Amino acid sequence: MDNLNNLMQGFADVMAPMNLLLALIGVVIGTAVGVLPGIGPAMTVALLLPVTYGMEPVQAFIMFAGIFYGGMYGGSTTSILLNTPGESSSVVTAIEGNKMAKAGRAAQALATAAIGSFVAGTIGTLLLVLVTPFVVDFAVSLGAPDYFALMLLAFIAVTSVLGSSRIRGFISLLLGLTIGLVGIDSVSGQQRLTLGVPQLADGIDVVVVAVGIFAVGEALWVAAHLRRKPAEVIPVGRPWLGRGDWKRSWKPWLRGTAYGFPFGALPAGGAEIPTFLSYATEKRLTKHPEEFGKGAIEGVAGPEAANNASAAGTLVPMLAIGLPTNATAAVMLAAFQSYGIQPGPLLFEREASLVWILIASLFIGNLLLLLLNLPLAPAWAKLLQIPRPYLYAGILFFASMGAYAVNAQPLDLFILLTLGLLGFAMRRFGLPVLPLIVGVILGPRAELQGRRSLQLSGGELSGLLGGPVSYTVYTVIALVLVWPLLRRFVVRPLRARSAA
Amino acid sequence: MSSEVTDEVQAGEPEDKDGRPVADSRPSPEGGDRAQYGVCAFLALLGAAVIVDALGIPHLTSGTDPVGPRAVPLILGGLLLLLAALYAVDVARGGRGEPEAGEDVDLSSGSDWRTVVLLIGVFLANALLIERLGWVISGALLFWGTAFALGNRHYIRNLLIAATLSLTTFYAFAIGLGVNLPAGVLQGIL
């Protein structure tokens, strides 16, 4: 009940007119930027961080919540109307969504996505309220070795589970860990990889890394391969759902939510697996199997709900343990840190009112999103036609502004360009970006926890094995690492035999 | 961490993420992607640099910190070298990463290096000029130059858009919200 009171207090704080206005602005610019082609939710949040630099944390968090859900919804609009998903989590939405749009049902596709996102986001946030206190209680009991193990699990998960190539995932992770190493070692005070440059003593700001890899890297990559003729945008009217569409949508929304939230909340989660599972389930359960592949509304409703519920789910480990499991959560975590706020179990004690305001803002932002997006969809569709030179000029403009504003030093702009070139190379060679971002953020903290564990054991490696939690986590890590071997030598032969 | 790190790019399985519409987007179907050896070399150099830097750090350990600041960079450098080798093996066996597709990306033709170099130049100009000229001027140049590099030839219109954008952001963020943006030569005028 205590949490309910806290949440109510959070709502009361958000309801102040000024704060509501900020939430509204957050949702509008979050959607507007997220809708732009090539800009996924993580990049939206990273690019819009500077907007909140001058604000108090409370105001900034209210706005973040709006930007977070706005950016997510903007991404699905793009994938439905352009068939080119901004990030891997909306791949599935694009499959049926774009077919629906081509068949003249863009309005219904956008409507089921918007309402589904609202349903999933609301249930997901509610589950966040219910689940997080338990995770916090659990996390409080964890020691340094357990944290170290959990962070290793996050590293393994983002490199091995989510990507298509482990070796490329590991390369990206190592690059991130190396970037995270730059600066003064927090334990001994020694400079590492600073090359004697005093401005590097504080390390490379995560915001600069995120903006460089996402925004500048993307702009350079697109510049090298700019399509002469922009992709065709399907015109759309005001989204609406007929009676039959409602009937076909509500169950997929709920099932999608049920898939999305747990996967998001797991340290090895992500939105790819639940959206695929949801799609497969809806395809099996539908009464209109003939429509799948030609624009079935269930194929938009389910995965879109799964995507949003998983986004709400990722906030559980992010807030309660300080573990980001997708790029958006990683950038959000960086935003927290830029306010000197460290997510983790103590967050709910030290910054209780702030956390509950954030959660209340998530509810409000989600509602505003629904109210805004149904009437504004035609306007968002127009944004997709923005001339590409202006779009990427704008991205570089705001990226430079944001990176400079972090520390007010031109050096950051050179670092930004270097990271942009790195982002370019990663796109060229098919190296995933997420492991790098997670490495930059978690690397220094994993080192700290690892060294703390060894301090307790006086340097004996056994100090890394803390207790049941770390045993379990290491078992999971071992299974994840061994799985490809098992699949090659056990599962495939079995399958081949049963198929024969 | 070093268990079997094979590169499995199995086609057709739904769990392969990034299952974007990538058909016909491979730049060149012939043979392996030799340029990947450059990445191996880069990783090896980076690993060596990390190790050299770590060896230059005084080896300070104490009761409260038995590990010291050197251990992690040494491990990381070693892993970078290891991965560079594994990656080279993978490339030699024909492994390749899928270049990223996207809304505005056309991978069927080659890379347009002229545009990229122009963009880098414009970006560097902004980094060099931002403190001297101030954000309003350097930011406007950045926007105008990027639009030019990407092939937009409405010089006057772009200048107006760029000036409006940089003035608006300056007033909104620097003056309105107190974000750090330099006024430069326009100090006192703005």
# chains A, B, ... in the order shown; residues from 1 in each chain; ligands from 1
call {"tool": "residues_around", "arguments": {"residues": "region 128-136 of chain A", "least_positions_apart": "3", "cutoff": "9 Å", "atoms": "only C-alpha atoms", "output": "MDAnalysis selection string"}}
result
chainID A and resid 3:4 7 123:125 139:141 261 265 312:313 315:317 319:321 344:346 348 356 359
call {"tool": "residues_around", "arguments": {"residues": "region 29-45 of chain A", "least_positions_apart": "4", "cutoff": "7 Å", "atoms": "only C-alpha atoms", "output": "list of chain:residue names"}}
result
A:Ile25, A:Leu49, A:Gly66, A:Ile67, A:Phe68, A:Gly70, A:Gly71, A:Met72, A:Tyr73, A:Gly74, A:Gly75, A:Thr77, A:Thr78, A:Gly86, A:Glu87, A:Val211, A:Phe214, A:Ala215, A:Ala327, A:Thr328, A:Val331, A:Trp380, A:Leu383, A:Leu384, B:Gly102, B:Glu103
call {"tool": "residues_around", "arguments": {"residues": "Gly97 (chain A)", "least_positions_apart": "3", "cutoff": "6 Å", "atoms": "only C-alpha atoms", "output": "count of residues only"}}
result
6
call {"tool": "closest_residue", "arguments": {"among": "B:Leu159, B:Leu150, B:Cys40, B:Leu165", "to": "Val117 (chain B)", "atoms": "only C-alpha atoms"}}
result
B:Leu150
call {"tool": "residues_around", "arguments": {"residues": "Gln187 (chain B)", "least_positions_apart": "5", "cutoff": "12 Å", "atoms": "only C-alpha atoms", "output": "PyMOL selection string"}}
result
chain B and resi 131-137+170+181-182
call {"tool": "write_last_selection", "arguments": {"atoms": "C-alpha atoms", "output": "short mmCIF file (atom, residue, chain, number, x, y, z; two decimals), in the first residue's frame"}}
result
data_model
loop_
_atom_site.label_atom_id
_atom_site.label_comp_id
_atom_site.auth_asym_id
_atom_site.auth_seq_id
_atom_site.Cartn_x
_atom_site.Cartn_y
_atom_site.Cartn_z
CA GLU B 131 34.18 28.99 -29.73
CA ARG B 132 35.51 31.78 -31.95
CA LEU B 133 32.46 32.50 -34.06
CA GLY B 134 29.85 31.26 -31.62
CA TRP B 135 27.13 28.65 -32.05
CA VAL B 136 24.80 30.88 -34.05
CA ILE B 137 27.28 31.27 -36.89
CA PHE B 170 20.52 29.67 -29.18
CA LEU B 181 26.38 27.33 -25.99
CA PRO B 182 29.01 29.92 -26.87
#
call {"tool": "residues_around", "arguments": {"residues": "Arg114 (chain B)", "least_positions_apart": "2", "cutoff": "12 Å", "atoms": "only C-alpha atoms", "output": "PyMOL selection string"}}
result
(chain A and resi 220+223-225) or (chain B and resi 110-112+116-121+149-151)
call {"tool": "atom_distance", "arguments": {"atom1": "CA of Phe148 (chain A)", "atom2": "CA of Val480 (chain A)"}}
result
17.1 Å
call {"tool": "residues_around", "arguments": {"residues": "Phe155 (chain A)", "least_positions_apart": "6", "cutoff": "8 Å", "atoms": "only C-alpha atoms", "output": "tab-separated table (two decimals) with all heavy atoms, in the first residue's frame"}}
result
chain	number	residue	atom	x	y	z
A	173	LEU	N	31.30	-5.20	-27.99
A	173	LEU	CA	31.36	-5.07	-26.54
A	173	LEU	C	32.75	-4.61	-26.09
A	173	LEU	O	32.89	-3.70	-25.25
A	173	LEU	CB	31.03	-6.42	-25.89
A	173	LEU	CG	31.16	-6.46	-24.37
A	173	LEU	CD1	30.08	-5.63	-23.72
A	173	LEU	CD2	31.10	-7.89	-23.86
A	435	PRO	N	25.85	-3.72	-27.95
A	435	PRO	CA	26.87	-4.17	-27.00
A	435	PRO	C	27.87	-3.07	-26.66
A	435	PRO	O	28.32	-2.97	-25.52
A	435	PRO	CB	27.57	-5.33	-27.72
A	435	PRO	CG	26.58	-5.82	-28.70
A	435	PRO	CD	25.80	-4.62	-29.12
A	438	VAL	N	26.20	-0.71	-24.09
A	438	VAL	CA	26.11	-1.38	-22.78
A	438	VAL	C	27.50	-1.51	-22.16
A	438	VAL	O	27.69	-1.32	-20.96
A	438	VAL	CB	25.42	-2.75	-22.94
A	438	VAL	CG1	25.53	-3.55	-21.66
A	438	VAL	CG2	23.96	-2.56	-23.30
A	439	GLY	N	28.52	-1.79	-23.00
A	439	GLY	CA	29.88	-1.89	-22.49
A	439	GLY	C	30.37	-0.59	-21.90
A	439	GLY	O	30.99	-0.57	-20.83
call {"tool": "select_by_dssp", "arguments": {"residues": "region 171-225 of chain A", "states": "strand (DSSP E)", "output": "MDAnalysis selection string"}}
result
chainID A and resid 183:184 191:192
call {"tool": "atom_distance", "arguments": {"atom1": "CA of Ile386 (chain A)", "atom2": "CA of Thr146 (chain B)"}}
result
15.0 Å
call {"tool": "closest_residue", "arguments": {"among": "A:Ser165, A:Asn326, A:Thr418, A:Ser90", "to": "chain B", "atoms": "only C-alpha atoms"}}
result
A:Ser165
call {"tool": "residues_around", "arguments": {"residues": "region 457-468 of chain A", "least_positions_apart": "2", "cutoff": "8 Å", "atoms": "only C-alpha atoms", "output": "MDAnalysis selection string"}}
result
(chainID A and resid 143:146 148:149 450 453:455 470:472) or (chainID B and resid 63 66:67)
call {"tool": "closest_residue", "arguments": {"among": "B:Tyr37, B:Phe42, B:Phe143, B:Tyr171", "to": "Leu80 (chain B)", "atoms": "only C-alpha atoms"}}
result
B:Phe42
call {"tool": "decode", "arguments": {"residues": "region 82-102 of chain B", "atoms": "N, CA and C atoms", "output": "PDB file, in the first residue's frame"}}
result
ATOM      1  N   LEU B  82      42.936 -11.364 -28.804  1.00  0.00           N
ATOM      2  CA  LEU B  82      42.331 -12.667 -29.067  1.00  0.00           C
ATOM      3  C   LEU B  82      41.207 -12.548 -30.095  1.00  0.00           C
ATOM      4  N   LEU B  83      40.342 -11.557 -29.882  1.00  0.00           N
ATOM      5  CA  LEU B  83      39.204 -11.385 -30.788  1.00  0.00           C
ATOM      6  C   LEU B  83      39.668 -10.995 -32.189  1.00  0.00           C
ATOM      7  N   ALA B  84      40.751 -10.191 -32.260  1.00  0.00           N
ATOM      8  CA  ALA B  84      41.281  -9.828 -33.573  1.00  0.00           C
ATOM      9  C   ALA B  84      41.672 -11.106 -34.318  1.00  0.00           C
ATOM     10  N   ALA B  85      42.295 -12.048 -33.592  1.00  0.00           N
ATOM     11  CA  ALA B  85      42.701 -13.305 -34.226  1.00  0.00           C
ATOM     12  C   ALA B  85      41.487 -14.128 -34.628  1.00  0.00           C
ATOM     13  N   LEU B  86      40.517 -14.249 -33.690  1.00  0.00           N
ATOM     14  CA  LEU B  86      39.320 -15.042 -33.995  1.00  0.00           C
ATOM     15  C   LEU B  86      38.551 -14.456 -35.178  1.00  0.00           C
ATOM     16  N   TYR B  87      38.506 -13.130 -35.212  1.00  0.00           N
ATOM     17  CA  TYR B  87      37.788 -12.448 -36.289  1.00  0.00           C
ATOM     18  C   TYR B  87      38.484 -12.739 -37.615  1.00  0.00           C
ATOM     19  N   ALA B  88      39.832 -12.694 -37.587  1.00  0.00           N
ATOM     20  CA  ALA B  88      40.578 -12.972 -38.822  1.00  0.00           C
ATOM     21  C   ALA B  88      40.273 -14.386 -39.315  1.00  0.00           C
ATOM     22  N   VAL B  89      40.192 -15.336 -38.368  1.00  0.00           N
ATOM     23  CA  VAL B  89      39.859 -16.716 -38.757  1.00  0.00           C
ATOM     24  C   VAL B  89      38.469 -16.753 -39.389  1.00  0.00           C
ATOM     25  N   ASP B  90      37.541 -16.044 -38.732  1.00  0.00           N
ATOM     26  CA  ASP B  90      36.172 -16.020 -39.234  1.00  0.00           C
ATOM     27  C   ASP B  90      36.113 -15.441 -40.648  1.00  0.00           C
ATOM     28  N   VAL B  91      36.851 -14.354 -40.864  1.00  0.00           N
ATOM     29  CA  VAL B  91      36.848 -13.719 -42.180  1.00  0.00           C
ATOM     30  C   VAL B  91      37.459 -14.665 -43.212  1.00  0.00           C
ATOM     31  N   ALA B  92      38.561 -15.336 -42.807  1.00  0.00           N
ATOM     32  CA  ALA B  92      39.214 -16.255 -43.734  1.00  0.00           C
ATOM     33  C   ALA B  92      38.277 -17.384 -44.132  1.00  0.00           C
ATOM     34  N   ARG B  93      37.362 -17.746 -43.210  1.00  0.00           N
ATOM     35  CA  ARG B  93      36.408 -18.809 -43.521  1.00  0.00           C
ATOM     36  C   ARG B  93      35.182 -18.280 -44.255  1.00  0.00           C
ATOM     37  N   GLY B  94      35.237 -17.004 -44.638  1.00  0.00           N
ATOM     38  CA  GLY B  94      34.143 -16.464 -45.450  1.00  0.00           C
ATOM     39  C   GLY B  94      33.069 -15.747 -44.665  1.00  0.00           C
ATOM     40  N   GLY B  95      33.289 -15.541 -43.350  1.00  0.00           N
ATOM     41  CA  GLY B  95      32.294 -14.839 -42.557  1.00  0.00           C
ATOM     42  C   GLY B  95      32.225 -13.378 -42.952  1.00  0.00           C
ATOM     43  N   ARG B  96      31.014 -12.825 -42.893  1.00  0.00           N
ATOM     44  CA  ARG B  96      30.874 -11.411 -43.205  1.00  0.00           C
ATOM     45  C   ARG B  96      29.695 -10.831 -42.442  1.00  0.00           C
ATOM     46  N   GLY B  97      29.815  -9.552 -42.100  1.00  0.00           N
ATOM     47  CA  GLY B  97      28.714  -8.878 -41.432  1.00  0.00           C
ATOM     48  C   GLY B  97      27.813  -8.270 -42.478  1.00  0.00           C
ATOM     49  N   GLU B  98      26.552  -8.197 -42.123  1.00  0.00           N
ATOM     50  CA  GLU B  98      25.577  -7.622 -43.054  1.00  0.00           C
ATOM     51  C   GLU B  98      25.600  -6.107 -42.899  1.00  0.00           C
ATOM     52  N   PRO B  99      25.931  -5.335 -43.943  1.00  0.00           N
ATOM     53  CA  PRO B  99      25.889  -3.879 -43.796  1.00  0.00           C
ATOM     54  C   PRO B  99      24.481  -3.441 -43.428  1.00  0.00           C
ATOM     55  N   GLU B 100      24.385  -2.417 -42.600  1.00  0.00           N
ATOM     56  CA  GLU B 100      23.094  -2.028 -42.088  1.00  0.00           C
ATOM     57  C   GLU B 100      22.206  -1.412 -43.163  1.00  0.00           C
ATOM     58  N   ALA B 101      20.999  -1.913 -43.256  1.00  0.00           N
ATOM     59  CA  ALA B 101      20.041  -1.341 -44.204  1.00  0.00           C
ATOM     60  C   ALA B 101      19.230  -0.269 -43.497  1.00  0.00           C
ATOM     61  N   GLY B 102      18.430   0.456 -44.217  1.00  0.00           N
ATOM     62  CA  GLY B 102      17.622   1.483 -43.573  1.00  0.00           C
ATOM     63  C   GLY B 102      16.736   2.166 -44.578  1.00  0.00           C
TER      64      GLY B 102
END
